[in-house]
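Asker: Provided herewith is a single structure, encoded as structure tokens, for subsequent inquiry.
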Amino acid sequence: MQFDRIKRREFITLLGGALTWPMAGRTQQAMPVIGFLRSSSSVDSVHLVAAFRQGLKEAGFVEGQNCAIEFRWADNQIDRLPALVAELLSRPVTVILANLNSALAAKVATTTVPIVFASGGDPVADGLVASLNRPGGNVTGIHFLLGELGAKRLELLRQLVPNATTRTTTIAMLVNPRHSDTDAERRDVLAAARTMGQQLTVLDIDSEEDIEAAFATLAQHRPDALLVGTGAFTNSHRERLVALAARHALPTSYSQREAVMAGGLMSYGTSIPDAYRLAGIYVARILKGEKPSDLPVMRSTRFELMLNLRTAKAQGIEVPDKLLALADEVIE
């Protein structure tokens, strides 16, 4: 009798343990998986990943605790994106976070999995959403200003050019013609230059060879300063642009802080890390049950001015106190 009771207790214990196994499996399967997809490299995106995780955390999600993140990188090879999207969908993921090109590839691949983008382009013109207030479909996201700030960046750059307001100066601008915002940016900067009485020369760059050729042209004509246009191409080639600007002692302004971190003189633009933080919050809201079609496209409005005083000193530039006072971050 005692033996039977012992056996029965062991059986109940084993049965109880067996019952917990599939339940644990179901818990793991229920953890939502986020697909994080960018057309750039992982090295270029470390700060953006950190900002995205921060946004998730603010909204109640922590990777490894109540959500998982699958990362995919195209390493600036756009033709790889469809295959990377297919990998994420087969995982399967609950929602996809993507930059512009990645979001476009994802939208082609699925009409059901929610997609949250973080993009500096016009989401409507780029074909991501039907409208900003009513995105429709399975796509919404964060829009950060880039090209629209070209005129402001020109104004700030002129403050670094000695005697810019008292003599005729020439400023050159490099733009990537294939970037969706380039035409609007070019128009805005040219209009601002006319208003300021500023001579402006615009050069197109669409390859590494174009970059070298552009700087050879700049070496011949010797402008007083250089404005680098927005977009993934100029950002991904920022180290080469920074090195060439230093070689030719050209005061240069960029649209993204990464260029200043790499040794560039100045940048002014929307805080893209803050845009990814907001994207993390939007992804969390979708994980909680909200639909992308009900979430209007949010505009990121946090701007930042960065200055690299080491670069200014190396180029013999004295940064005005007024500009220093405006800077959000200064590298000394």
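Chain identifiers are assigned as A, B, and so on, following the order in which chains appear in the structure tokens; residues are numbered from 1 within each chain, and ligands are numbered from 1 in order of appearance.
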Mind the document's chain letters and residue numbers, and return as a ChimeraX atom specification the residues of segment 228-324 of chain A that DSSP labels helix (DSSP H, G or I).
Answerer: /A:232-236,238-247,257-261,272-287,292-294,309-314,321-324
Asker: Extract the full set of strand (DSSP E or B) residues from segment 213-243 of chain A according to DSSP on the backbone, and format it as a VMD selection string.
Answerer: chain A and resid 225 to 228
Asker: Ranking A:Leu265, A:Ile96, A:Leu48, A:Leu128 by minimum distance to Ile115 of chain A and counting only C-alpha atoms, which one comes first?
Answerer: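 Ranking A:Leu265, A:Ile96, A:Leu48, A:Leu128 by distance to Ile115 of chain A, first place goes to A:Ile96.
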Asker: Can you tell me, as a list in words, what residues are no more than 12 Å from Ala219 of chain A when counting only C-alpha atoms, ignoring any on the same chain fewer than 5 positions away?
Answerer: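 Answer for this query is Ala172, Glu212, Ala213, Ala214, Asp224, Ala225, Leu226, Leu244, Ala245, Arg247, His248, Ala249 and Leu250 of chain A.
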Asker: Extract, using only C-alpha atoms, all DNA, RNA and protein residues at most 8 Å from Thr234 of chain A, discarding same-chain residues fewer than 6 positions from it, and format them as an NGL selection string.
Answerer: :A and (175-176 or 228 or 241)
Asker: With only C-alpha atoms as the counted atoms, please give the residues lying no more than 12 Å from Ala193 of chain A, apart from itself and same-chain residues fewer than 6 positions off, as a list in words.
Answerer: Gly150, Ala151, Lys152, Arg153, Leu154, Glu155, Leu157, Arg158, Thr168, Thr169, Thr170, Ile171, Ala172, Met173, Arg186, Arg187, Gln199, Leu200, Thr201, Val202 and Leu227 of chain A
Asker: I'd like the interatomic distance between atom CA of Arg277 of chain A and atom CA of Ala51 of chain A, to a tenth of an Å.
Answerer: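 Between atom CA of Arg277 of chain A and atom CA of Ala51 of chain A the gap is 4.7 Å.
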Asker: Residues within 12 Å of segment 288-290 of chain A, please, as a PyMOL selection string. Count only C-alpha atoms; anything in the same chain fewer than 3 positions from it doesn't count.
Answerer: chain A and resi 31-32+56+59-61+66-67+94-95+114+138+140+281-285+293-296
Asker: Keeping only N, CA and C atoms, write those residues as a short mmCIF file (atom, residue, chain, number, x, y, z; two decimals), in the first residue's frame.
Answerer:
data_model
loop_
_atom_site.label_atom_id
_atom_site.label_comp_id
_atom_site.auth_asym_id
_atom_site.auth_seq_id
_atom_site.Cartn_x
_atom_site.Cartn_y
_atom_site.Cartn_z
N MET A 31 5.97 35.00 -27.36
CA MET A 31 6.77 36.21 -27.30
C MET A 31 6.86 36.83 -28.69
N PRO A 32 6.40 38.07 -28.87
CA PRO A 32 6.42 38.67 -30.21
C PRO A 32 7.83 38.88 -30.72
N LEU A 56 11.27 51.16 -27.20
CA LEU A 56 10.53 49.96 -26.78
C LEU A 56 10.41 49.90 -25.26
N ALA A 59 7.93 52.10 -23.66
CA ALA A 59 6.55 51.64 -23.88
C ALA A 59 6.29 50.27 -23.26
N GLY A 60 7.25 49.74 -22.51
CA GLY A 60 7.01 48.51 -21.75
C GLY A 60 7.54 47.22 -22.34
N PHE A 61 8.42 47.30 -23.35
CA PHE A 61 8.97 46.08 -23.96
C PHE A 61 10.49 46.07 -23.85
N ASN A 66 10.12 40.28 -22.83
CA ASN A 66 8.77 40.11 -23.37
C ASN A 66 8.70 40.37 -24.87
N CYS A 67 9.87 40.43 -25.53
CA CYS A 67 9.90 40.50 -26.99
C CYS A 67 11.27 40.05 -27.47
N THR A 94 6.25 39.59 -35.95
CA THR A 94 4.97 40.22 -35.65
C THR A 94 4.86 41.58 -36.30
N VAL A 95 5.99 42.28 -36.40
CA VAL A 95 6.04 43.62 -36.97
C VAL A 95 7.44 43.86 -37.50
N PRO A 114 2.40 44.19 -39.99
CA PRO A 114 2.58 45.63 -39.81
C PRO A 114 4.03 46.06 -40.09
N ASN A 138 -1.07 48.48 -44.05
CA ASN A 138 -0.30 47.91 -42.94
C ASN A 138 0.98 48.69 -42.64
N THR A 140 2.88 52.38 -41.31
CA THR A 140 2.93 53.71 -40.71
C THR A 140 4.36 53.94 -40.24
N ILE A 281 8.51 53.22 -29.90
CA ILE A 281 7.23 53.42 -29.22
C ILE A 281 6.07 52.99 -30.11
N TYR A 282 6.15 53.32 -31.41
CA TYR A 282 5.09 52.92 -32.34
C TYR A 282 5.03 51.39 -32.48
N VAL A 283 6.19 50.75 -32.56
CA VAL A 283 6.22 49.28 -32.64
C VAL A 283 5.57 48.69 -31.40
N ALA A 284 5.87 49.25 -30.24
CA ALA A 284 5.29 48.75 -29.00
C ALA A 284 3.77 48.90 -29.00
N ARG A 285 3.27 49.99 -29.53
CA ARG A 285 1.83 50.19 -29.58
C ARG A 285 1.16 49.15 -30.48
N SER A 293 -2.92 51.25 -39.55
CA SER A 293 -3.83 52.16 -40.25
C SER A 293 -4.44 53.20 -39.32
N ASP A 294 -4.43 52.91 -38.01
CA ASP A 294 -4.99 53.84 -37.03
C ASP A 294 -3.93 54.76 -36.43
N LEU A 295 -2.67 54.58 -36.80
CA LEU A 295 -1.58 55.37 -36.25
C LEU A 295 -1.09 56.35 -37.31
N PRO A 296 -1.39 57.65 -37.18
CA PRO A 296 -0.92 58.61 -38.18
C PRO A 296 0.60 58.67 -38.20
#
Asker: Where does segment 92-191 of chain A meet segment 77-82 of chain A within 8 Å, residue by residue, with the nearest atom pair and distance in Å to one decimal for each, counting only C-alpha atoms, listed by chain and rising number, as CSV?
Answerer:
residue,atom,partner,partner_atom,distance
A:Asn101,CA,A:Ile78,CA,7.3
A:Ser102,CA,A:Leu81,CA,6.3
A:Ala105,CA,A:Pro82,CA,5.8
A:Ala106,CA,A:Pro82,CA,7.3
A:Ala109,CA,A:Pro82,CA,7.5
Asker: Which one is closest to Pro135 of chain A: A:Gly264, A:Gly316, A:Gly35, A:Pro123? Count only C-alpha atoms.
Answerer: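 Of A:Gly264, A:Gly316, A:Gly35, A:Pro123, the one nearest Pro135 of chain A, counting only C-alpha atoms, is A:Pro123.
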Asker: Mind running segment 21-70 of chain A against segment 251-261 of chain A at 12 Å and telling me each contacting residue's nearest atom pair with the distance in Å (one decimal), counting only C-alpha atoms, chain and number ascending, as a tab-separated table?
Answerer:
residue	atom	partner	partner_atom	distance
A:Val43	CA	A:Glu258	CA	11.6
A:Asp44	CA	A:Glu258	CA	8.7
A:Ser45	CA	A:Glu258	CA	10.2
A:Val46	CA	A:Glu258	CA	11.2
A:His47	CA	A:Glu258	CA	9.8
A:Leu48	CA	A:Glu258	CA	11.2
Asker: Could you save those same residues with C-alpha atoms as a PDB file, in the first residue's frame?
Answerer:
ATOM      1  CA  VAL A  43      28.211  49.247 -37.908  1.00  0.00           C
ATOM      2  CA  ASP A  44      26.368  52.339 -39.176  1.00  0.00           C
ATOM      3  CA  SER A  45      23.328  51.592 -37.042  1.00  0.00           C
ATOM      4  CA  VAL A  46      24.587  50.881 -33.512  1.00  0.00           C
ATOM      5  CA  HIS A  47      23.247  54.169 -32.123  1.00  0.00           C
ATOM      6  CA  LEU A  48      19.929  53.683 -33.936  1.00  0.00           C
TER       7      LEU A  48
END
Asker: May I have the residues within 10 Å of Gly120 of chain A as JSON, numbers by chain, using only C-alpha atoms and disregarding those fewer than 3 positions away in the same chain?
Answerer: {"A": [99, 100, 117, 123, 142, 143, 144, 145, 146, 147, 148, 180, 181, 230, 231, 232, 270, 272, 275, 299, 300]}
Asker: Could the residues in this selection be written to a file with C-alpha atoms, as a short mmCIF file (atom, residue, chain, number, x, y, z; two decimals), in the first residue's frame?
Answerer:
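Output contents, as saved in selection16.cif:
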data_model
loop_
_atom_site.label_atom_id
_atom_site.label_comp_id
_atom_site.auth_asym_id
_atom_site.auth_seq_id
_atom_site.Cartn_x
_atom_site.Cartn_y
_atom_site.Cartn_z
CA ASN A 99 14.25 52.47 -43.17
CA LEU A 100 12.91 53.77 -46.49
CA PHE A 117 9.28 52.98 -41.08
CA PRO A 123 6.20 58.97 -47.08
CA ILE A 142 8.16 58.24 -38.28
CA HIS A 143 9.05 60.99 -40.75
CA PHE A 144 12.13 63.06 -39.93
CA LEU A 145 13.04 66.23 -41.81
CA LEU A 146 16.21 66.18 -43.89
CA GLY A 147 16.15 67.95 -47.23
CA GLU A 148 13.80 70.64 -45.93
CA SER A 180 14.05 61.15 -53.36
CA ASP A 181 14.44 64.48 -51.57
CA THR A 230 21.12 64.52 -47.52
CA GLY A 231 20.46 60.85 -48.22
CA ALA A 232 21.71 57.34 -47.64
CA THR A 270 16.80 66.09 -37.32
CA ILE A 272 17.63 60.39 -36.34
CA ALA A 275 13.22 59.21 -34.67
CA ARG A 299 6.93 63.75 -37.51
CA SER A 300 10.15 63.84 -35.51
#
Asker: Take atom CA of Pro92 of chain A and atom CA of Ala118 of chain A and report the distance between them in Å, one decimal.
Answerer: 21.3 Å
